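Below is one structure, written out as structure tokens, with a few remarks after it.
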Amino acid sequence: MRFDTITIFPQMIDAYMNESIIKRAREKKLIESYAHNLRDFSADKKHKKVDDRPYGGGAGMVLGVEALSRALVKIPKKKRQLVVLFSAAGRQFDAAIAARWAKKYDQIVMIAGRYEGVDERIVKVLQATCLPDRQANYLRTRQAGNLQTVSIGPYVLTGGELPALVVIDAVARHIPGVLGSHESLEEKRHGIGVPVYTRPEVFTWRGRQYRVPKILLSGDQKKIAEWRAKRKIK
């Protein structure tokens with residue numbers, strides 16, 4: 001799987017990708033990650049400007065369509081490519097989507113917006129250059145073909161770098177070998193939300209004792225499975 005992030009802060013992406021499990025996955029060549037500095041594609045060779053004031057007035061700045069278009073053209077394209085725009089108004093990204101993308105695509109290109117957003121004309125540019133079916137009703141659904149707009153939660157962030165990292169991490173863990181074994185997936189191991197405990201059996205802190213639930217010490221795997229099933233988030 002290849003991940004490409006278009007951003008004005010590539011160091012934010014690289015810092016995360018060079019740590020822990022994700023770093024090992026890259027070293028094993030299970031995933032590739034590239035952070036493309038949007039300023040490198042600016043027509044303004046002196047100041048590397050990529051944003052401007054919005055037409056119609058209003059506070060803030062908007063990332064322009066020109067540099068974004070150049071960046072998208074320059075990124076090497078794999079056969080099963082997905083392009084992702086981040087927006088608080090997009091479809092809610094979840095575990096099911098992450099698992100599906102890991103199987104369906106071999107490349108995810110993400111546009112990490114900043115400021116007051118991205119020039120809306122990038123949608124039509126993507127329609128013309130990315131979608132196999134140019135007549136797909138993307139403007140209405142924003143979910144057509146290999147172009148999707150998603151949100152990672154019901155809140156607004158200052159930029160798209162965190163959403164991009166969330167997508168990378170969530171998708172990568174479904175790629176065979178990234179977590180070592182398929183059973184390492186939390187949803188496969190015990191279930192999402194199931195409490196876990198480790199040694200010591202009794203933890204004493206400021207005069208109070210905190211114990212591991214007795215059922216987990218019983219050795220009765222059937223009862224343990226039932227206990228976990230009751231606490232699993234469906």
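Chain identifiers are assigned as A, B, and so on, following the order in which chains appear in the structure tokens; residues are numbered from 1 within each chain, and ligands are numbered from 1 in order of appearance.
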
Notebook entry, point to check: Mind checking DSSP for region 26-149 of chain A and telling me the helix (DSSP H, G or I) residues as number ranges by chain?
Noted result: A: 26-27, 38-41, 65-74, 95-104, 121-130, 138-141

Next item on the list: Excluding Leu38 (chain A) and residues on its chain fewer than 4 positions from it, collect all residues at most 8 Å away from it, counting only C-alpha atoms, and give them as a ChimeraX atom specification.
Entry: /A:6-8,42,50,67-68,71

Checklist line | DSSP-assigned strand (DSSP E) members of region 56-211 of chain A, reported as a PyMOL selection string | finding: chain A and resi 62-63+81-92+107-111+147-151+202-205+208-211

Kindly save the residues from that selection, with C-alpha atoms included, as a JSON list (two decimals), in the first residue's frame.
[["chain", "number", "residue", "atom", "x", "y", "z"],
["A", 62, "VAL", "CA", -7.98, 29.40, 1.00],
["A", 63, "LEU", "CA", -5.57, 26.90, -0.56],
["A", 81, "GLN", "CA", -5.76, 4.61, -6.54],
["A", 82, "LEU", "CA", -8.09, 6.44, -4.17],
["A", 83, "VAL", "CA", -8.02, 10.24, -3.77],
["A", 84, "VAL", "CA", -9.30, 11.59, -0.46],
["A", 85, "LEU", "CA", -10.42, 15.11, 0.43],
["A", 86, "PHE", "CA", -10.89, 15.89, 4.13],
["A", 87, "SER", "CA", -13.89, 17.93, 5.22],
["A", 88, "ALA", "CA", -16.00, 18.17, 8.37],
["A", 89, "ALA", "CA", -18.97, 17.73, 6.02],
["A", 90, "GLY", "CA", -17.61, 14.49, 4.55],
["A", 91, "ARG", "CA", -18.63, 10.91, 5.19],
["A", 92, "GLN", "CA", -17.69, 9.64, 8.65],
["A", 107, "GLN", "CA", -2.65, 3.70, -3.15],
["A", 108, "ILE", "CA", -4.38, 6.43, -1.16],
["A", 109, "VAL", "CA", -3.67, 10.07, -2.04],
["A", 110, "MET", "CA", -4.81, 12.56, 0.60],
["A", 111, "ILE", "CA", -5.17, 16.33, 0.36],
["A", 147, "LEU", "CA", -12.63, 9.96, -5.17],
["A", 148, "GLN", "CA", -14.09, 10.45, -1.70],
["A", 149, "THR", "CA", -14.56, 13.17, 0.90],
["A", 150, "VAL", "CA", -14.37, 12.01, 4.51],
["A", 151, "SER", "CA", -14.37, 13.37, 8.04],
["A", 202, "VAL", "CA", -3.16, -6.15, 42.92],
["A", 203, "PHE", "CA", -2.03, -2.57, 42.37],
["A", 204, "THR", "CA", -1.79, -0.38, 45.48],
["A", 205, "TRP", "CA", -1.87, 3.37, 45.03],
["A", 208, "ARG", "CA", -6.19, 1.95, 47.84],
["A", 209, "GLN", "CA", -6.05, -1.43, 46.14],
["A", 210, "TYR", "CA", -7.03, -1.98, 42.52],
["A", 211, "ARG", "CA", -7.56, -5.63, 41.57]]

What lies within 12 Å of region 222-227 of chain A using only C-alpha atoms, ignoring chain neighbours under 4 positions off, as a tab-separated table (two decimals) with C-alpha atoms, in the first residue's frame?
chain	number	residue	atom	x	y	z
A	189	ARG	CA	-8.40	-10.33	19.50
A	190	HIS	CA	-10.99	-9.55	22.16
A	191	GLY	CA	-13.30	-6.98	20.60
A	194	VAL	CA	-13.13	-4.85	26.06
A	195	PRO	CA	-11.06	-3.96	29.18
A	196	VAL	CA	-7.62	-5.55	29.46
A	213	PRO	CA	-11.33	-9.00	37.88
A	214	LYS	CA	-11.42	-12.48	39.39
A	215	ILE	CA	-12.95	-14.02	36.28
A	216	LEU	CA	-9.75	-13.27	34.31
A	217	LEU	CA	-7.72	-15.21	36.90
A	218	SER	CA	-10.02	-18.25	36.90
A	231	ARG	CA	-18.32	-5.73	27.41
A	232	LYS	CA	-17.67	-5.65	23.70

Next item on the list: Identify which of the residues A:Ile233, A:Leu165, A:Ala99, A:Val65 lies closest to Arg121 (chain A), counting only C-alpha atoms when measuring atom-to-atom distances.
Entry: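 Answer, going by the shortest atom-to-atom distance: A:Val65.
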
Next item on the list: Find, counting only C-alpha atoms, the residue in A:Val73, A:Met12, A:Ala102, A:Met17 that gets nearest to Arg173 (chain A).
Entry: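 With only C-alpha atoms as the atom set, the closest residue is A:Ala102.
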
Checklist line | For Gly177 (chain A), the nearest of the candidates A:Glu27, A:Asp52, A:Asp4, A:Glu120, counting only C-alpha atoms | finding: A:Glu27

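With only C-alpha atoms taken into account, the protein and nucleic acid residues at most 12 Å from Lys23 (chain A) (excluding it and anything under 6 positions from it in its own chain) are Ile13, Asp14, Ala15, Tyr16, Met17, Lys29, Leu30, Ile31, Glu32, Ser33, Ile168, Asp169, Ala172, Val178 and Leu179 of chain A.
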
Can you write out the residues you just picked, keeping N, CA and C atoms, as a compact mmCIF listing (two decimals), in the first residue's frame?
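Output file part.txt follows:
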# COMPACT_ATOMS: atom_id res chain seq x y z
N ILE A 13 3.86 14.82 8.89
CA ILE A 13 3.59 13.46 8.43
C ILE A 13 4.80 12.57 8.64
N ASP A 14 5.96 13.07 8.24
CA ASP A 14 7.19 12.26 8.33
C ASP A 14 7.53 11.89 9.76
N ALA A 15 7.28 12.80 10.70
CA ALA A 15 7.61 12.53 12.11
C ALA A 15 6.86 11.30 12.62
N TYR A 16 5.58 11.22 12.29
CA TYR A 16 4.78 10.08 12.75
C TYR A 16 5.16 8.80 12.02
N MET A 17 5.45 8.91 10.74
CA MET A 17 5.74 7.73 9.93
C MET A 17 7.09 7.10 10.27
N LYS A 29 8.79 -2.82 3.95
CA LYS A 29 8.21 -2.52 2.62
C LYS A 29 6.77 -3.02 2.48
N LEU A 30 6.07 -3.07 3.60
CA LEU A 30 4.65 -3.41 3.57
C LEU A 30 3.82 -2.19 3.18
N ILE A 31 4.33 -1.01 3.54
CA ILE A 31 3.67 0.23 3.15
C ILE A 31 4.73 1.24 2.69
N GLU A 32 4.29 2.20 1.89
CA GLU A 32 5.12 3.33 1.48
C GLU A 32 4.39 4.59 1.88
N SER A 33 5.15 5.62 2.27
CA SER A 33 4.53 6.88 2.64
C SER A 33 5.35 8.04 2.08
N ILE A 168 -3.99 6.77 7.54
CA ILE A 168 -2.82 5.92 7.32
C ILE A 168 -2.73 4.84 8.38
N ASP A 169 -2.84 5.24 9.64
CA ASP A 169 -2.72 4.29 10.74
C ASP A 169 -3.85 3.26 10.73
N ALA A 172 -3.43 0.99 7.53
CA ALA A 172 -2.20 0.19 7.54
C ALA A 172 -2.32 -1.03 8.44
N VAL A 178 1.63 -6.02 9.03
CA VAL A 178 1.93 -4.76 9.70
C VAL A 178 1.91 -4.91 11.22
N LEU A 179 0.92 -5.66 11.73
CA LEU A 179 0.84 -5.87 13.18
C LEU A 179 1.49 -7.17 13.63

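For the set A:Thr5, A:Arg199, A:Asp44, A:Ser69, the residue with the smallest atom-to-atom gap to Val125 (chain A) is A:Ser69, counting only C-alpha atoms.
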
Next item on the list: Can you work out which one of A:Ile192, A:Ala164, A:Leu72, A:Arg26 has the shortest atom-to-atom distance to Arg228 (chain A), counting only C-alpha atoms?
Entry: A:Ile192

Note to self: Applying 9 Å and only C-alpha atoms, which residues near Thr158 (chain A) remain after dropping the ones on its own chain fewer than 5 positions away? List them as a ChimeraX atom specification.
What the structure shows: /A:113-116

Output N, CA and C atoms for every residue in the selection just made, as a PDB file, in the first residue's frame.
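Wrote it out as part18.pdb, contents follow:
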ATOM      1  N   GLY A 113      -5.919  19.836   3.717  1.00  0.00           N
ATOM      2  CA  GLY A 113      -6.223  21.253   3.607  1.00  0.00           C
ATOM      3  C   GLY A 113      -5.774  22.040   4.823  1.00  0.00           C
ATOM      4  N   ARG A 114      -5.754  23.363   4.684  1.00  0.00           N
ATOM      5  CA  ARG A 114      -5.382  24.275   5.777  1.00  0.00           C
ATOM      6  C   ARG A 114      -6.227  25.527   5.680  1.00  0.00           C
ATOM      7  N   TYR A 115      -6.093  26.387   6.663  1.00  0.00           N
ATOM      8  CA  TYR A 115      -6.777  27.674   6.664  1.00  0.00           C
ATOM      9  C   TYR A 115      -8.296  27.494   6.574  1.00  0.00           C
ATOM     10  N   GLU A 116      -8.940  28.170   5.608  1.00  0.00           N
ATOM     11  CA  GLU A 116     -10.395  28.106   5.490  1.00  0.00           C
ATOM     12  C   GLU A 116     -10.862  27.036   4.511  1.00  0.00           C
TER      13      GLU A 116
END
